[in-house]
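Shown here: target_20.cif, mmCIF, C-alpha atoms and all ligand atoms.
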data_model
loop_
_atom_site.label_atom_id
_atom_site.label_comp_id
_atom_site.auth_asym_id
_atom_site.auth_seq_id
_atom_site.Cartn_x
_atom_site.Cartn_y
_atom_site.Cartn_z
CA MET Z 220 7.41 9.70 -14.84
CA GLY Z 221 10.84 11.07 -13.85
CA PHE Z 222 14.18 9.72 -15.01
CA LEU Z 223 14.66 8.06 -11.62
CA GLU Z 224 11.74 7.27 -9.30
CA PHE Z 225 11.51 5.79 -5.83
CA LYS Z 226 7.93 4.88 -4.94
CA LYS Z 227 7.08 4.03 -1.33
CA VAL Z 228 10.42 2.31 -0.86
CA TYR Z 229 11.20 0.53 2.39
CA LYS Z 230 14.41 -1.32 3.11
CA VAL Z 231 14.67 -3.40 6.24
CA TYR Z 232 17.88 -5.37 6.61
CA PRO Z 233 17.71 -8.91 8.00
CA ALA Z 234 18.85 -7.79 11.46
CA GLY Z 235 15.73 -5.61 11.61
CA VAL Z 236 17.38 -2.27 10.81
CA LYS Z 237 15.01 0.01 8.91
CA ALA Z 238 17.45 1.70 6.53
CA LEU Z 239 14.85 3.32 4.24
CA ASP Z 240 11.43 4.28 5.50
CA ASN Z 241 8.83 5.12 2.84
CA VAL Z 242 11.14 6.92 0.42
CA ASN Z 243 9.40 8.76 -2.43
CA LEU Z 244 11.75 10.58 -4.75
CA SER Z 245 11.67 11.74 -8.35
CA ILE Z 246 14.79 12.93 -10.17
CA GLU Z 247 14.84 14.38 -13.68
CA LYS Z 248 17.38 13.78 -16.41
CA GLY Z 249 20.44 15.98 -16.04
CA GLU Z 250 19.82 16.91 -12.41
CA PHE Z 251 22.80 17.37 -10.10
CA VAL Z 252 21.78 16.05 -6.71
CA PHE Z 253 23.39 15.97 -3.30
CA LEU Z 254 22.11 13.23 -1.07
CA TRP Z 255 22.94 14.54 2.33
CA GLY Z 256 22.54 12.93 5.73
CA ALA Z 257 24.31 11.76 8.86
CA THR Z 258 26.04 8.42 9.22
CA GLY Z 259 23.51 5.60 9.02
CA ALA Z 260 20.84 7.79 7.38
CA GLY Z 261 20.52 5.36 4.45
CA LYS Z 262 22.49 7.06 1.66
CA THR Z 263 24.53 4.03 0.61
CA THR Z 264 21.46 1.82 0.86
CA LEU Z 265 19.54 4.13 -1.47
CA MET Z 266 22.37 3.90 -4.00
CA LYS Z 267 22.57 0.12 -3.70
CA LEU Z 268 18.92 -0.10 -4.70
CA ILE Z 269 19.83 1.69 -7.92
CA THR Z 270 22.82 -0.51 -8.70
CA ARG Z 271 20.74 -3.53 -7.66
CA GLU Z 272 23.27 -4.66 -5.09
CA GLU Z 273 20.21 -4.69 -2.83
CA LEU Z 274 16.46 -5.11 -3.38
CA PRO Z 275 13.82 -3.06 -1.58
CA THR Z 276 11.80 -4.83 1.10
CA SER Z 277 8.78 -3.16 -0.51
CA GLY Z 278 8.10 -0.40 -2.99
CA GLU Z 279 9.44 0.25 -6.47
CA VAL Z 280 12.52 1.78 -8.06
CA TRP Z 281 12.28 2.95 -11.67
CA LEU Z 282 15.09 4.14 -13.92
CA GLU Z 283 14.48 5.35 -17.46
CA ARG Z 284 11.00 3.79 -17.41
CA CYS Z 285 12.39 0.43 -16.40
CA LYS Z 286 11.31 -1.07 -13.08
CA ILE Z 287 14.73 -2.01 -11.82
CA SER Z 288 13.46 -3.29 -8.48
CA SER Z 289 12.04 -6.29 -10.30
CA LEU Z 290 14.51 -6.60 -13.13
CA GLU Z 291 15.63 -10.14 -13.86
CA ASP Z 292 19.25 -10.83 -12.96
CA ARG Z 293 20.18 -11.51 -16.57
CA TYR Z 294 19.44 -7.85 -17.42
CA LEU Z 295 21.65 -6.44 -14.67
CA PRO Z 296 24.70 -6.01 -16.96
CA ILE Z 297 22.59 -3.78 -19.24
CA LEU Z 298 21.42 -1.71 -16.27
CA ARG Z 299 24.97 -1.32 -14.98
CA ARG Z 300 26.36 -0.34 -18.37
CA ASN Z 301 24.37 2.89 -18.09
CA LEU Z 302 25.61 3.63 -14.59
CA GLY Z 303 28.85 5.26 -13.52
CA VAL Z 304 29.66 4.30 -9.97
CA VAL Z 305 32.40 5.97 -7.96
CA PHE Z 306 33.43 3.61 -5.21
CA GLN Z 307 35.02 4.58 -1.94
CA ASP Z 308 37.20 1.48 -1.95
CA LEU Z 309 39.08 2.29 -5.06
CA LYS Z 310 39.26 -0.99 -7.00
CA LEU Z 311 42.20 0.14 -9.14
CA VAL Z 312 44.87 -2.30 -10.28
CA PRO Z 313 48.03 -0.90 -8.63
CA HIS Z 314 50.62 -2.25 -11.09
CA TRP Z 315 48.76 -0.98 -14.16
CA THR Z 316 49.37 2.50 -15.53
CA VAL Z 317 46.81 5.28 -15.16
CA PHE Z 318 45.89 4.83 -18.81
CA GLU Z 319 45.42 1.06 -18.48
CA ASN Z 320 43.15 1.45 -15.46
CA LEU Z 321 41.20 4.11 -17.26
CA ILE Z 322 40.40 2.18 -20.42
CA SER Z 323 39.80 -1.21 -18.78
CA PRO Z 324 35.99 -0.78 -18.52
CA LEU Z 325 35.80 0.08 -22.22
CA LEU Z 326 37.75 -2.98 -23.27
CA VAL Z 327 35.39 -5.11 -21.16
CA LEU Z 328 32.47 -3.50 -23.03
CA GLY Z 329 34.10 -4.39 -26.34
CA VAL Z 330 34.80 -0.81 -27.43
CA LYS Z 331 37.36 -0.65 -30.26
CA LYS Z 332 40.86 0.22 -29.13
CA ARG Z 333 41.03 3.39 -31.21
CA ASP Z 334 37.73 4.67 -29.78
CA ALA Z 335 38.81 3.71 -26.27
CA HIS Z 336 41.99 5.74 -26.67
CA ARG Z 337 40.09 8.77 -27.90
CA LEU Z 338 37.66 8.61 -24.96
CA ALA Z 339 40.54 8.15 -22.53
CA GLU Z 340 42.28 11.30 -23.77
CA GLY Z 341 39.09 13.29 -23.15
CA ILE Z 342 38.78 11.92 -19.63
CA LEU Z 343 42.45 12.54 -18.81
CA ASP Z 344 41.81 16.19 -19.64
CA LEU Z 345 38.61 16.27 -17.65
CA VAL Z 346 40.21 14.89 -14.47
CA HIS Z 347 43.53 16.69 -14.99
CA LEU Z 348 45.72 13.60 -15.09
CA GLN Z 349 47.17 14.07 -18.57
CA ASP Z 350 50.73 14.37 -17.19
CA LYS Z 351 50.36 11.13 -15.19
CA LYS Z 352 49.05 9.06 -18.09
CA HIS Z 353 51.90 6.54 -18.11
CA HIS Z 354 52.57 6.51 -14.38
CA LYS Z 355 52.02 3.34 -12.44
CA THR Z 356 48.83 3.69 -10.44
CA GLU Z 357 50.53 2.75 -7.17
CA TRP Z 358 52.72 5.85 -7.51
CA LEU Z 359 49.74 8.19 -7.40
CA SER Z 360 48.74 10.19 -4.34
CA GLY Z 361 45.41 9.46 -2.65
CA GLY Z 362 43.73 12.41 -4.35
CA GLU Z 363 45.09 11.43 -7.76
CA LYS Z 364 43.80 7.89 -7.30
CA GLN Z 365 40.40 9.32 -6.51
CA LYS Z 366 40.51 11.39 -9.70
CA LEU Z 367 41.40 8.28 -11.67
CA CYS Z 368 38.46 6.40 -10.13
CA LEU Z 369 36.20 9.22 -11.09
CA GLY Z 370 37.54 9.20 -14.63
CA ARG Z 371 37.05 5.48 -14.88
CA ALA Z 372 33.44 5.81 -13.72
CA LEU Z 373 32.74 8.40 -16.43
CA ILE Z 374 34.64 7.04 -19.41
CA HIS Z 375 31.77 4.98 -20.84
CA ARG Z 376 29.53 8.10 -20.74
CA PRO Z 377 26.93 6.82 -18.26
CA HIS Z 378 23.43 8.33 -18.08
CA LEU Z 379 23.48 8.24 -14.29
CA VAL Z 380 26.51 8.74 -12.04
CA LEU Z 381 26.41 7.60 -8.42
CA ALA Z 382 29.20 8.85 -6.19
CA ASP Z 383 29.15 7.61 -2.60
CA GLU Z 384 31.31 9.92 -0.45
CA PRO Z 385 33.66 10.42 -3.39
CA THR Z 386 35.73 12.96 -1.51
CA GLY Z 387 36.42 10.64 1.45
CA ASN Z 388 39.35 12.05 3.36
CA LEU Z 389 40.57 14.50 0.73
CA ASP Z 390 41.46 18.06 1.68
CA GLY Z 391 38.90 20.78 0.98
CA ALA Z 392 40.38 22.06 -2.28
CA THR Z 393 40.81 18.59 -3.79
CA ALA Z 394 37.30 17.61 -2.75
CA LEU Z 395 35.87 20.73 -4.40
CA GLY Z 396 37.85 19.97 -7.54
CA LEU Z 397 36.47 16.46 -7.71
CA VAL Z 398 32.86 17.57 -7.31
CA GLY Z 399 33.58 20.34 -9.83
CA THR Z 400 34.64 17.69 -12.32
CA LEU Z 401 31.36 15.85 -11.79
CA PHE Z 402 29.46 19.08 -12.25
CA GLU Z 403 31.27 19.81 -15.51
CA PHE Z 404 30.61 16.28 -16.73
CA SER Z 405 26.90 16.62 -15.97
CA GLU Z 406 26.67 19.97 -17.76
CA ARG Z 407 28.53 18.69 -20.81
CA SER Z 408 26.98 15.26 -21.23
CA GLY Z 409 23.52 15.80 -19.72
CA ALA Z 410 24.12 12.97 -17.25
CA THR Z 411 22.25 12.85 -13.97
CA VAL Z 412 24.60 12.89 -10.98
CA ILE Z 413 23.87 11.87 -7.39
CA ILE Z 414 26.53 12.51 -4.75
CA ALA Z 415 26.14 11.10 -1.24
CA THR Z 416 27.95 13.18 1.33
CA HIS Z 417 28.00 14.41 4.93
CA SER Z 418 29.79 17.57 3.94
CA GLU Z 419 27.80 20.75 4.36
CA LYS Z 420 30.62 22.74 2.77
CA LEU Z 421 30.41 20.85 -0.52
CA VAL Z 422 26.66 21.07 -0.69
CA ASN Z 423 26.75 24.83 -0.30
CA ARG Z 424 29.31 25.37 -3.05
CA PHE Z 425 27.36 23.97 -6.00
CA PRO Z 426 23.96 24.89 -7.43
CA GLY Z 427 22.62 21.38 -7.09
CA ARG Z 428 19.42 20.00 -5.63
CA LEU Z 429 19.60 18.98 -2.01
CA VAL Z 430 17.89 15.81 -0.85
CA VAL Z 431 18.17 15.25 2.89
CA LEU Z 432 17.84 11.81 4.45
CA ASP Z 433 17.34 11.37 8.16
CA LYS Z 434 17.00 7.90 9.67
CA GLY Z 435 15.77 6.50 6.38
CA LYS Z 436 13.24 9.24 5.69
CA ILE Z 437 13.50 12.03 3.16
CA ILE Z 438 12.98 15.21 5.15
CA GLN Z 439 13.84 17.68 2.40
CA SER Z 440 13.82 17.30 -1.34
N1 LIG Z 501 24.10 -5.17 4.89
C1 LIG Z 501 23.54 -4.64 5.97
N2 LIG Z 501 23.01 -5.41 6.92
C2 LIG Z 501 22.42 -4.88 8.01
N3 LIG Z 501 22.33 -3.55 8.24
C3 LIG Z 501 22.85 -2.73 7.34
C4 LIG Z 501 23.49 -3.22 6.15
N4 LIG Z 501 23.92 -2.16 5.42
C5 LIG Z 501 23.56 -1.07 6.13
N5 LIG Z 501 22.92 -1.39 7.27
C6 LIG Z 501 22.36 -0.46 8.26
O1 LIG Z 501 21.42 0.37 7.58
C7 LIG Z 501 21.50 1.71 8.06
C8 LIG Z 501 21.80 2.64 6.87
O2 LIG Z 501 23.11 2.36 6.40
P1 LIG Z 501 23.76 3.11 5.16
O3 LIG Z 501 25.07 2.46 4.90
O4 LIG Z 501 22.79 3.14 4.06
O5 LIG Z 501 23.95 4.58 5.75
P2 LIG Z 501 24.77 5.82 5.16
O6 LIG Z 501 23.85 6.99 5.17
O7 LIG Z 501 25.40 5.46 3.88
O8 LIG Z 501 25.88 6.07 6.28
P3 LIG Z 501 27.41 6.61 6.11
O9 LIG Z 501 27.28 8.10 5.98
O10 LIG Z 501 28.03 6.22 7.40
O11 LIG Z 501 28.03 5.94 4.94
C9 LIG Z 501 22.57 1.72 9.13
O12 LIG Z 501 21.92 1.59 10.37
C10 LIG Z 501 23.38 0.47 8.83
O13 LIG Z 501 23.96 -0.06 9.99
MG MG Z 502 27.36 5.31 3.24
#
Can you give me the file's structure in the form of structure tokens?
Ligand SMILES: Nc1ncnc2c1ncn2[C@@H]1O[C@H](COP(=O)(O)OP(=O)(O)OP(=O)(O)O)[C@@H](O)[C@H]1O
Ligand SMILES: [Mg+2]
Amino acid sequence: MGFLEFKKVYKVYPAGVKALDNVNLSIEKGEFVFLWGATGAGKTTLMKLITREELPTSGEVWLERCKISSLEDRYLPILRRNLGVVFQDLKLVPHWTVFENLISPLLVLGVKKRDAHRLAEGILDLVHLQDKKHHKTEWLSGGEKQKLCLGRALIHRPHLVLADEPTGNLDGATALGLVGTLFEFSERSGATVIIATHSEKLVNRFPGRLVVLDKGKIIQS
């Protein structure tokens, strides 16, 4: 069995929208995957089934040999500890410094302060924000905030990183840089990375696997 498996997954939302239509997908450890598809294709829905923000209407989702589609709620924190999720709505605390925002997930996990600081230094290098370490987050540009979000999603060294349109409305060069950072992280740590995007340009610039969703169906994998 693969690292991540979707088996005959259907997702029909209450209003009757069929967001995922018999999705079968197997992803290996360390793969770098682009999930590509038009608006409404089901990309975010597929990711929400992995984070367990949503449950499938039918079918199974497995991660690291654990059937997460029927995981009891009390185990969700353990599932999520192994995920790095890059949100589009940034969820940063504006009056905290870059450093404070960065280490906050580690402190929540009970990581010792000295270890948290060491990990944060590594991430500041990775996302190229070393010179902004003590800046207030609200002073950052949009692209810098996005880098910080990315750093915060990676700092606890997740096994699986989910990035839903992480490049939002960034310019081409900044977007490439951000995806490049994810690629470097995957190479270095062996993490599996899944990036949902509409951007054909991005997909063509990295040697990742392309999974194409169209109206809830996987048409290329
Ligand atoms: N909570 C919900 N309730 C009802 N319908 C929903 C819900 N979330 C998503 N949908 C519908 O499911 C379909 C797939 O949505 P989804 O957000 O997964 O697409 P997407 O590929 O991420 O699109 P985008 O590229 O615009 O982000 C769409 O038709 C959407 O309107
Ligand atoms: Mg989406």
Around ligand MG 502 (chain Z), at most 7 Å away and counting all atoms listed in the file, which residues are there? Put them as a PyMOL selection string, please. chain Z and resi 258-259+261-263+383
Name all residues at most 8 Å from Thr270 (chain Z) (count all atoms listed in the file; drop same-chain ones fewer than 4 positions away) and give them as a list in words.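 Listed by chain and then number, they are Met266, Leu298, Arg299 and Leu302 of chain Z.
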So which residues touch Asn243 (chain Z) within 6 Å, counting only C-alpha atoms, skipping near sequence neighbours fewer than 4 positions away, as a PyMOL selection string? chain Z and resi 225-227
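CA of Glu250 (chain Z) to CA of Ile287 (chain Z) spans 19.6 Å [interatomic distance, one decimal].
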Proximity check chain Z to ligand LIG 501 (chain Z), 12 Å, nearest pairs one decimal Å, all atoms listed in the file, as a Markdown table:
| residue | atom | partner | partner_atom | distance |
| --- | --- | --- | --- | --- |
| Z:Tyr229 | CA | Z:LIG501 | O1 | 11.5 |
| Z:Lys230 | CA | Z:LIG501 | O1 | 8.5 |
| Z:Val231 | CA | Z:LIG501 | O1 | 7.8 |
| Z:Tyr232 | CA | Z:LIG501 | C2 | 4.8 |
| Z:Pro233 | CA | Z:LIG501 | C2 | 6.2 |
| Z:Ala234 | CA | Z:LIG501 | C2 | 5.8 |
| Z:Gly235 | CA | Z:LIG501 | C2 | 7.6 |
| Z:Val236 | CA | Z:LIG501 | N3 | 5.7 |
| Z:Lys237 | CA | Z:LIG501 | O1 | 6.6 |
| Z:Ala238 | CA | Z:LIG501 | O1 | 4.3 |
| Z:Leu239 | CA | Z:LIG501 | C8 | 7.5 |
| Z:Asp240 | CA | Z:LIG501 | C8 | 10.6 |
| Z:Leu254 | CA | Z:LIG501 | O6 | 9.0 |
| Z:Trp255 | CA | Z:LIG501 | O6 | 8.1 |
| Z:Gly256 | CA | Z:LIG501 | O6 | 6.1 |
| Z:Ala257 | CA | Z:LIG501 | O9 | 5.5 |
| Z:Thr258 | CA | Z:LIG501 | O10 | 3.5 |
| Z:Gly259 | CA | Z:LIG501 | O5 | 3.5 |
| Z:Ala260 | CA | Z:LIG501 | O6 | 3.8 |
| Z:Gly261 | CA | Z:LIG501 | O4 | 3.2 |
| Z:Lys262 | CA | Z:LIG501 | O6 | 3.8 |
| Z:Thr263 | CA | Z:LIG501 | O7 | 3.7 |
| Z:Thr264 | CA | Z:LIG501 | O4 | 3.7 |
| Z:Leu265 | CA | Z:LIG501 | O4 | 6.5 |
| Z:Met266 | CA | Z:LIG501 | O4 | 8.1 |
| Z:Lys267 | CA | Z:LIG501 | O4 | 8.3 |
| Z:Leu268 | CA | Z:LIG501 | O4 | 10.1 |
| Z:Glu272 | CA | Z:LIG501 | N1 | 10.0 |
| Z:Glu273 | CA | Z:LIG501 | N1 | 8.7 |
| Z:Leu274 | CA | Z:LIG501 | N1 | 11.3 |
| Z:Phe306 | CA | Z:LIG501 | O11 | 11.7 |
| Z:Gln307 | CA | Z:LIG501 | O11 | 9.9 |
| Z:Ala382 | CA | Z:LIG501 | O7 | 11.3 |
| Z:Asp383 | CA | Z:LIG501 | O7 | 7.8 |
| Z:Glu384 | CA | Z:LIG501 | O11 | 7.5 |
| Z:Pro385 | CA | Z:LIG501 | O11 | 11.0 |
| Z:Gly387 | CA | Z:LIG501 | O11 | 10.2 |
| Z:Ile414 | CA | Z:LIG501 | O7 | 11.2 |
| Z:Ala415 | CA | Z:LIG501 | O7 | 7.7 |
| Z:Thr416 | CA | Z:LIG501 | O9 | 6.9 |
| Z:His417 | CA | Z:LIG501 | O9 | 6.4 |
| Z:Ser418 | CA | Z:LIG501 | O9 | 10.0 |
| Z:Val431 | CA | Z:LIG501 | O6 | 10.3 |
| Z:Leu432 | CA | Z:LIG501 | O6 | 7.7 |
| Z:Asp433 | CA | Z:LIG501 | O6 | 8.4 |
| Z:Lys434 | CA | Z:LIG501 | C8 | 7.7 |
| Z:Gly435 | CA | Z:LIG501 | C8 | 7.2 |
| Z:Lys436 | CA | Z:LIG501 | O6 | 10.9 |
| Z:Ile437 | CA | Z:LIG501 | O6 | 11.7 |
Find the residues around Ser289 (chain Z) up to 10 Å (only C-alpha atoms counted), leave out those fewer than 2 positions away in its own chain, and share them as an NGL selection string. :Z and (271 or 274-275 or 279-281 or 285-287 or 291-292)
Any chance you could export the current selection's C-alpha atoms as a PDB file, in the frame of the given file?
ATOM      1  CA  ARG Z 271      20.740  -3.530  -7.660  1.00  0.00           C
ATOM      2  CA  LEU Z 274      16.460  -5.110  -3.380  1.00  0.00           C
ATOM      3  CA  PRO Z 275      13.820  -3.060  -1.580  1.00  0.00           C
ATOM      4  CA  GLU Z 279       9.440   0.250  -6.470  1.00  0.00           C
ATOM      5  CA  VAL Z 280      12.520   1.780  -8.060  1.00  0.00           C
ATOM      6  CA  TRP Z 281      12.280   2.950 -11.670  1.00  0.00           C
ATOM      7  CA  CYS Z 285      12.390   0.430 -16.400  1.00  0.00           C
ATOM      8  CA  LYS Z 286      11.310  -1.070 -13.080  1.00  0.00           C
ATOM      9  CA  ILE Z 287      14.730  -2.010 -11.820  1.00  0.00           C
ATOM     10  CA  GLU Z 291      15.630 -10.140 -13.860  1.00  0.00           C
ATOM     11  CA  ASP Z 292      19.250 -10.830 -12.960  1.00  0.00           C
TER      12      ASP Z 292
END
List the residues sitting within 7 Å of (15.8, 13.0, -11.4) in the file's frame, using only C-alpha atoms, as a count of residues only. 9
